[in-house]
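run_27.txt follows (compact mmCIF, C-alpha atoms):
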```txt
# COMPACT_ATOMS: atom_id res chain seq x y z
CA MET N 1 -32.93 -77.27 -13.57
CA GLU N 2 -35.45 -75.21 -15.61
CA GLU N 3 -38.25 -76.25 -13.27
CA THR N 4 -36.21 -75.14 -10.24
CA ILE N 5 -35.60 -71.70 -11.74
CA LYS N 6 -39.30 -71.36 -12.59
CA THR N 7 -40.26 -72.28 -9.03
CA ASN N 8 -37.75 -69.79 -7.64
CA ARG N 9 -39.12 -67.00 -9.82
CA ASP N 10 -42.68 -67.88 -8.80
CA LEU N 11 -41.63 -66.88 -5.28
CA LEU N 12 -40.51 -63.42 -6.40
CA PRO N 13 -43.92 -61.63 -6.17
CA HIS N 14 -44.33 -62.89 -2.60
CA ILE N 15 -40.85 -61.69 -1.66
CA VAL N 16 -41.57 -58.32 -3.29
CA ARG N 17 -44.75 -57.81 -1.27
CA HIS N 18 -42.95 -58.81 1.92
CA LEU N 19 -40.13 -56.34 1.31
CA MET N 20 -42.45 -53.50 0.31
CA LEU N 21 -44.48 -53.95 3.49
CA ASN N 22 -41.49 -54.04 5.81
CA MET N 23 -38.44 -52.39 4.31
CA SER N 24 -39.48 -48.77 4.81
CA PHE N 25 -39.26 -49.32 8.57
CA ALA N 26 -35.81 -50.93 8.49
CA LEU N 27 -33.00 -49.09 10.27
CA ASP N 28 -30.06 -50.76 8.52
CA MET N 29 -28.95 -48.74 5.49
CA GLY N 30 -26.08 -50.98 4.39
CA LEU N 31 -25.37 -53.00 1.26
CA TYR N 32 -25.21 -56.48 2.78
CA HIS N 33 -28.10 -56.43 5.25
CA GLY N 34 -30.07 -53.23 4.72
CA LYS N 35 -31.77 -50.83 2.37
CA MET N 36 -28.99 -50.41 -0.18
CA GLY N 37 -29.00 -54.10 -1.03
CA VAL N 38 -32.79 -54.13 -1.28
CA ILE N 39 -32.58 -51.16 -3.66
CA LEU N 40 -30.37 -53.20 -6.02
CA PHE N 41 -32.98 -55.96 -6.05
CA PHE N 42 -35.91 -53.62 -6.75
CA ALA N 43 -34.01 -51.79 -9.48
CA ARG N 44 -33.41 -55.06 -11.31
CA TYR N 45 -36.93 -56.33 -10.57
CA GLY N 46 -38.37 -53.12 -12.01
CA ARG N 47 -36.40 -53.72 -15.21
CA TYR N 48 -37.45 -57.39 -15.26
CA THR N 49 -41.18 -56.58 -14.94
CA GLY N 50 -41.20 -53.27 -16.81
CA ASN N 51 -43.23 -51.83 -13.93
CA SER N 52 -42.15 -48.38 -12.74
CA LEU N 53 -43.76 -49.00 -9.34
CA TYR N 54 -40.69 -50.96 -8.27
CA ASP N 55 -38.29 -48.30 -9.55
CA ASP N 56 -40.26 -45.74 -7.55
CA PHE N 57 -40.00 -47.87 -4.41
CA ALA N 58 -36.24 -48.20 -4.90
CA GLY N 59 -36.09 -44.41 -5.21
CA GLU N 60 -38.01 -43.96 -1.96
CA LEU N 61 -35.58 -46.24 -0.13
CA LEU N 62 -32.65 -44.32 -1.60
CA ASP N 63 -34.17 -41.05 -0.37
CA ASP N 64 -34.41 -42.61 3.09
CA ILE N 65 -30.69 -43.42 2.98
CA TYR N 66 -29.71 -39.88 2.01
CA GLU N 67 -31.87 -38.46 4.81
CA ASP N 68 -30.33 -40.79 7.41
CA ILE N 69 -26.64 -40.36 6.60
CA HIS N 70 -24.94 -38.87 9.66
CA ALA N 71 -21.52 -38.62 11.28
CA GLU N 72 -21.85 -41.92 13.17
CA VAL N 73 -22.46 -44.07 10.09
CA PRO N 74 -19.41 -46.36 9.65
CA ILE N 75 -17.42 -46.19 6.43
CA ASP N 76 -16.96 -49.92 5.86
CA PHE N 77 -18.24 -51.87 2.86
CA GLU N 78 -20.57 -54.31 4.62
CA ASN N 79 -22.60 -51.92 6.74
CA GLY N 80 -21.46 -48.42 5.93
CA LEU N 81 -20.79 -45.63 3.49
CA CYS N 82 -18.46 -47.46 1.10
CA GLY N 83 -20.99 -50.20 0.44
CA ILE N 84 -23.79 -47.67 0.04
CA GLY N 85 -21.67 -45.59 -2.33
CA TRP N 86 -20.65 -48.70 -4.28
CA GLY N 87 -24.32 -49.60 -4.68
CA ILE N 88 -25.20 -46.15 -6.01
CA GLU N 89 -22.30 -46.30 -8.48
CA TYR N 90 -23.49 -49.75 -9.56
CA LEU N 91 -26.96 -48.35 -10.28
CA LEU N 92 -25.54 -45.46 -12.28
CA GLN N 93 -23.02 -47.49 -14.25
CA ASN N 94 -25.57 -50.15 -15.16
CA GLY N 95 -28.26 -47.71 -16.25
CA PHE N 96 -30.69 -48.25 -13.38
CA MET N 97 -30.57 -44.54 -12.55
CA GLU N 98 -29.35 -41.44 -14.34
CA GLY N 99 -27.12 -38.65 -13.18
CA ASP N 100 -23.62 -37.51 -12.34
CA SER N 101 -22.02 -39.71 -9.69
CA ASP N 102 -20.16 -36.69 -8.29
CA ASP N 103 -23.50 -35.08 -7.48
CA ALA N 104 -24.95 -38.31 -6.11
CA LEU N 105 -21.95 -39.23 -3.96
CA SER N 106 -20.22 -36.00 -2.95
CA GLU N 107 -21.58 -36.14 0.61
CA ILE N 108 -20.53 -39.78 1.02
CA ASP N 109 -17.08 -39.06 -0.45
CA GLN N 110 -16.59 -36.17 1.97
CA LYS N 111 -17.59 -38.23 5.00
CA ILE N 112 -15.24 -41.04 3.95
CA MET N 113 -12.34 -38.58 3.70
CA GLU N 114 -13.02 -37.45 7.27
CA ARG N 115 -11.85 -40.85 8.60
CA ASP N 116 -8.10 -41.51 8.97
CA ILE N 117 -7.40 -44.72 7.04
CA ARG N 118 -3.73 -44.59 8.04
CA ARG N 119 -4.70 -45.78 11.51
CA MET N 120 -6.77 -48.75 10.31
CA THR N 121 -5.54 -52.19 11.30
CA ASP N 122 -8.43 -54.10 9.71
CA GLN N 123 -7.40 -55.09 6.17
CA SER N 124 -10.54 -57.11 5.35
CA PHE N 125 -13.00 -56.48 2.55
CA ARG N 126 -16.18 -56.39 4.59
CA THR N 127 -15.13 -54.07 7.38
CA GLY N 128 -11.64 -52.84 6.59
CA LEU N 129 -9.27 -51.24 4.15
CA ALA N 130 -9.91 -53.59 1.21
CA GLY N 131 -13.58 -52.61 1.05
CA ILE N 132 -12.77 -48.91 1.31
CA SER N 133 -10.19 -49.32 -1.45
CA CYS N 134 -12.78 -51.05 -3.62
CA TYR N 135 -15.08 -48.05 -3.37
CA ILE N 136 -12.27 -45.56 -4.01
CA GLN N 137 -11.16 -47.44 -7.12
CA MET N 138 -14.72 -47.65 -8.42
CA ARG N 139 -15.20 -43.91 -7.95
CA LEU N 140 -11.91 -43.02 -9.61
CA GLY N 141 -12.70 -45.20 -12.61
CA SER N 142 -16.36 -44.27 -12.91
CA PRO N 143 -17.58 -43.27 -16.38
CA CYS N 144 -20.41 -41.40 -14.66
CA ARG N 145 -18.28 -38.70 -13.03
CA ASN N 146 -16.54 -35.54 -14.20
CA ARG N 147 -13.15 -36.75 -15.45
CA GLU N 148 -11.63 -33.29 -15.08
CA THR N 149 -11.93 -33.38 -11.30
CA SER N 150 -11.35 -35.97 -8.57
CA PRO N 151 -13.90 -37.15 -6.00
CA PHE N 152 -11.11 -37.20 -3.39
CA ASP N 153 -8.50 -34.56 -2.65
CA GLU N 154 -4.81 -35.12 -3.37
CA LEU N 155 -3.81 -35.51 0.29
CA TYR N 156 -6.39 -38.22 0.91
CA LEU N 157 -5.41 -40.12 -2.24
CA SER N 158 -1.75 -39.92 -1.26
CA GLU N 159 -2.51 -41.31 2.19
CA TRP N 160 -4.70 -44.05 0.70
CA LYS N 161 -2.01 -45.12 -1.76
CA SER N 162 0.53 -45.30 1.06
CA VAL N 163 -1.53 -47.86 3.01
CA ALA N 164 -3.41 -49.72 0.26
CA ASN N 165 -0.45 -50.87 -1.82
CA GLY N 166 -0.75 -54.59 -2.58
CA ILE N 167 -4.39 -54.97 -1.54
CA VAL N 168 -6.30 -57.18 -4.00
CA ILE N 169 -9.74 -55.87 -4.95
CA PRO N 170 -12.35 -58.25 -6.44
CA ASP N 171 -14.18 -57.01 -9.54
CA GLU N 172 -17.85 -56.07 -9.61
CA ASP N 173 -19.13 -59.48 -10.73
CA ARG N 174 -17.11 -61.28 -8.07
CA ILE N 175 -18.42 -58.99 -5.34
CA LEU N 176 -22.01 -59.76 -6.31
CA CYS N 177 -21.29 -63.49 -6.55
CA LEU N 178 -19.86 -63.49 -3.03
CA LEU N 179 -22.81 -61.48 -1.74
CA LEU N 180 -25.37 -63.79 -3.32
CA GLU N 181 -23.96 -67.09 -2.07
CA ASN N 182 -27.05 -67.49 0.07
CA GLN N 183 -27.26 -70.37 2.52
CA LEU N 184 -31.03 -70.37 3.10
CA GLU N 185 -32.17 -73.68 4.58
CA ASP N 186 -35.64 -72.76 5.85
CA GLU N 187 -38.20 -72.85 3.03
CA ASP N 188 -40.35 -70.16 4.70
CA PHE N 189 -39.09 -66.84 3.27
CA LEU N 190 -40.87 -64.96 6.06
CA SER N 191 -38.21 -66.31 8.42
CA TRP N 192 -35.33 -64.96 6.31
CA GLU N 193 -33.48 -61.72 6.77
CA MET N 194 -34.49 -59.01 4.29
CA GLY N 195 -31.13 -57.95 2.84
CA LEU N 196 -28.80 -59.36 0.21
CA GLU N 197 -26.70 -61.69 2.34
CA ASN N 198 -28.76 -64.76 3.29
CA GLY N 199 -31.93 -62.73 2.82
CA CYS N 200 -34.99 -62.17 0.66
CA ALA N 201 -33.39 -59.48 -1.53
CA GLY N 202 -30.37 -61.66 -2.17
CA TYR N 203 -32.50 -64.66 -3.05
CA GLY N 204 -34.59 -62.55 -5.43
CA LEU N 205 -31.60 -60.88 -7.06
CA LYS N 206 -29.90 -64.23 -7.58
CA CYS N 207 -33.05 -65.55 -9.30
CA LEU N 208 -33.10 -62.56 -11.65
CA MET N 209 -29.40 -62.93 -12.50
CA THR N 210 -29.56 -66.70 -13.14
```

Just give me the structure of the file as structure tokens.
Amino acid sequence: MEETIKTNRDLLPHIVRHLMLNMSFALDMGLYHGKMGVILFFARYGRYTGNSLYDDFAGELLDDIYEDIHAEVPIDFENGLCGIGWGIEYLLQNGFMEGDSDDALSEIDQKIMERDIRRMTDQSFRTGLAGISCYIQMRLGSPCRNRETSPFDELYLSEWKSVANGIVIPDEDRILCLLLENQLEDEDFLSWEMGLENGCAGYGLKCLMT
């Protein structure tokens, strides 16, 4: 088992170079398949190596996300704003970045409130109400925000509570475990996707968390 872990970690520098060469051109911003998931990997890899170069690269990708947020970005957890916001909260709450989450996420919070969740029929975690509820709960309970205010207005929270009653939300560790259950059969990492789910970033992050 120890030899397997060592071999896996030996692959990390190659994965890092591959991601740094290609990720800046990626169009997907999401947590599962895009830049947000890759940011989580580089934040942890920067801490693992003690090299600020990787933190800087994660910051550049995050800047790209902020610049590309627009009205057509979906709000779901897998591909959209809730997953991106969850990733930023994760970085703040685990000390990978500093700041007030209200400042970092106010634009995302506002865009999420613009969508009418009362009309949603999808109850799933990846693309539906459960994933949105996960983000809302994480924001409300965040130790990184101003506790004297709310990231969402009273009307939105009332509407959310009316439709989200009874929805079960997995905790942070469970979400990451589900995300990192990679099924990578091809040994050539150049053939993998780049994100967290069944991708290079997910493989690397799982190695660092093992």

Residue neighbourhood Ala164 in chain N, 8 Å, only C-alpha atoms, exclusion window fewer than 3 positions, as an mmCIF file with C-alpha atoms, keeping the file's coordinate frame:
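File out-v4.cif, as written:
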```cif
data_model
loop_
_atom_site.group_PDB
_atom_site.id
_atom_site.type_symbol
_atom_site.label_atom_id
_atom_site.label_comp_id
_atom_site.auth_asym_id
_atom_site.auth_seq_id
_atom_site.Cartn_x
_atom_site.Cartn_y
_atom_site.Cartn_z
ATOM 1 C CA LEU N 129 -9.270 -51.240 4.150
ATOM 2 C CA ALA N 130 -9.910 -53.590 1.210
ATOM 3 C CA SER N 133 -10.190 -49.320 -1.450
ATOM 4 C CA TRP N 160 -4.700 -44.050 0.700
ATOM 5 C CA LYS N 161 -2.010 -45.120 -1.760
ATOM 6 C CA ILE N 167 -4.390 -54.970 -1.540
#
```

**Message:** Report as number ranges by chain all protein, DNA and RNA residues lying within 9 Å of range 99-107 of chain N, evaluated on only C-alpha atoms, omitting residues in the same chain fewer than 4 positions from it.
**Reply:** N: 69, 85, 88-89, 92, 111-112, 139, 142-146, 150-151

Contact table range 70-168 of chain N vs range 27-41 of chain N, cut-off 7 Å, shortest pair per residue, all atoms listed in the file, as a Markdown table:
```
| residue | atom | partner | partner_atom | distance |
| --- | --- | --- | --- | --- |
| N:Glu78 | CA | N:Tyr32 | CA | 5.4 |
| N:Asn79 | CA | N:Gly30 | CA | 4.3 |
| N:Gly80 | CA | N:Gly30 | CA | 5.5 |
| N:Gly83 | CA | N:Leu31 | CA | 5.3 |
| N:Ile84 | CA | N:Leu31 | CA | 5.7 |
| N:Gly87 | CA | N:Met36 | CA | 6.5 |
```

**Asked** Skipping near chain neighbours, those fewer than 2 positions away, what residues fall within 7 Å of Asp55 in chain N using only C-alpha atoms, listed as an NGL selection string?
**Response** :N and (42-43 or 46 or 52-53 or 57-59)

Next, the residues of the selection above should be written as an mmCIF file, in the frame of the given file with C-alpha atoms.
```
data_model
loop_
_atom_site.group_PDB
_atom_site.id
_atom_site.type_symbol
_atom_site.label_atom_id
_atom_site.label_comp_id
_atom_site.auth_asym_id
_atom_site.auth_seq_id
_atom_site.Cartn_x
_atom_site.Cartn_y
_atom_site.Cartn_z
ATOM 1 C CA PHE N 42 -35.910 -53.620 -6.750
ATOM 2 C CA ALA N 43 -34.010 -51.790 -9.480
ATOM 3 C CA GLY N 46 -38.370 -53.120 -12.010
ATOM 4 C CA SER N 52 -42.150 -48.380 -12.740
ATOM 5 C CA LEU N 53 -43.760 -49.000 -9.340
ATOM 6 C CA PHE N 57 -40.000 -47.870 -4.410
ATOM 7 C CA ALA N 58 -36.240 -48.200 -4.900
ATOM 8 C CA GLY N 59 -36.090 -44.410 -5.210
#
```

**Message:** Counting all atoms listed in the file, which residue out of N:Met23, N:Leu180, N:Leu62, N:Met97 sits closest to Leu208 in chain N?
**Reply:** N:Leu180

As AutoDock Vina command-line options, what would the box around range 160-165 of chain N look like: edges along x, y and z, 5 Å added on every side, centre and edge lengths in Å to one decimal?
```
--center_x -2.1 --center_y -47.5 --center_z 0.6 --size_x 15.2 --size_y 16.8 --size_z 14.8
```

**Message:** I'd like the interatomic distance between CA of Glu187 in chain N and CA of Arg47 in chain N, to a tenth of an Å.
**Reply:** 26.5 Å

**Atomic separation - CA of Gln137 in chain N relative to CA of Glu154 in chain N, Å** = 14.4 Å

**Complete:** Of N:Tyr54, N:Tyr66, N:Tyr203, N:Trp192, the one sitting nearest Ile108 in chain N when using all atoms listed in the file is N:Tyr66

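You can rank N:Ile132, N:Ala71, N:Leu12, N:Leu176 by their closest distance to Leu196 in chain N using only C-alpha atoms, and at the top of that list sits N:Leu176.
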
**Prompt:** What does the distance from CA of Phe189 in chain N to CA of Ile15 in chain N come to in Å, to one decimal?
**Reply:** 7.3 Å

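Shortest atom-to-atom contact with Thr121 in chain N among N:Tyr90, N:His18, N:Leu155, N:Val163: N:Val163, counting only C-alpha atoms.
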
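Nearest residue to Asn165 in chain N among N:Gln93, N:Gln123, N:Val73, N:Arg147 is N:Gln123, counting all atoms listed in the file.
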
**Asked** Which residue out of N:Leu81, N:Leu91, N:Leu61, N:Met113 has the minimum interatomic distance to Tyr156 in chain N when all atoms listed in the file are used?
**Response**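 Comparing N:Leu81, N:Leu91, N:Leu61, N:Met113 against Tyr156 in chain N, the winner is N:Met113.
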
Which residues come within 12 Å of Asn8 in chain N, counting only C-alpha atoms, excluding same-chain residues fewer than 5 positions away, as an mmCIF file with C-alpha atoms, keeping the file's coordinate frame?
```cif
data_model
loop_
_atom_site.group_PDB
_atom_site.id
_atom_site.type_symbol
_atom_site.label_atom_id
_atom_site.label_comp_id
_atom_site.auth_asym_id
_atom_site.auth_seq_id
_atom_site.Cartn_x
_atom_site.Cartn_y
_atom_site.Cartn_z
ATOM 1 C CA MET N 1 -32.930 -77.270 -13.570
ATOM 2 C CA GLU N 2 -35.450 -75.210 -15.610
ATOM 3 C CA GLU N 3 -38.250 -76.250 -13.270
ATOM 4 C CA PRO N 13 -43.920 -61.630 -6.170
ATOM 5 C CA HIS N 14 -44.330 -62.890 -2.600
ATOM 6 C CA ILE N 15 -40.850 -61.690 -1.660
ATOM 7 C CA GLU N 187 -38.200 -72.850 3.030
ATOM 8 C CA PHE N 189 -39.090 -66.840 3.270
ATOM 9 C CA CYS N 200 -34.990 -62.170 0.660
ATOM 10 C CA TYR N 203 -32.500 -64.660 -3.050
ATOM 11 C CA GLY N 204 -34.590 -62.550 -5.430
ATOM 12 C CA LEU N 205 -31.600 -60.880 -7.060
ATOM 13 C CA LYS N 206 -29.900 -64.230 -7.580
ATOM 14 C CA CYS N 207 -33.050 -65.550 -9.300
ATOM 15 C CA LEU N 208 -33.100 -62.560 -11.650
ATOM 16 C CA MET N 209 -29.400 -62.930 -12.500
ATOM 17 C CA THR N 210 -29.560 -66.700 -13.140
#
```

**Message:** Could you check which residues have any atom within 6 Å of (-15.3, -45.2, 10.4), counting all atoms listed in the file with coordinates taken straight from the file, and then list them as a ChimeraX atom specification?
**Reply:** /N:74-75,115
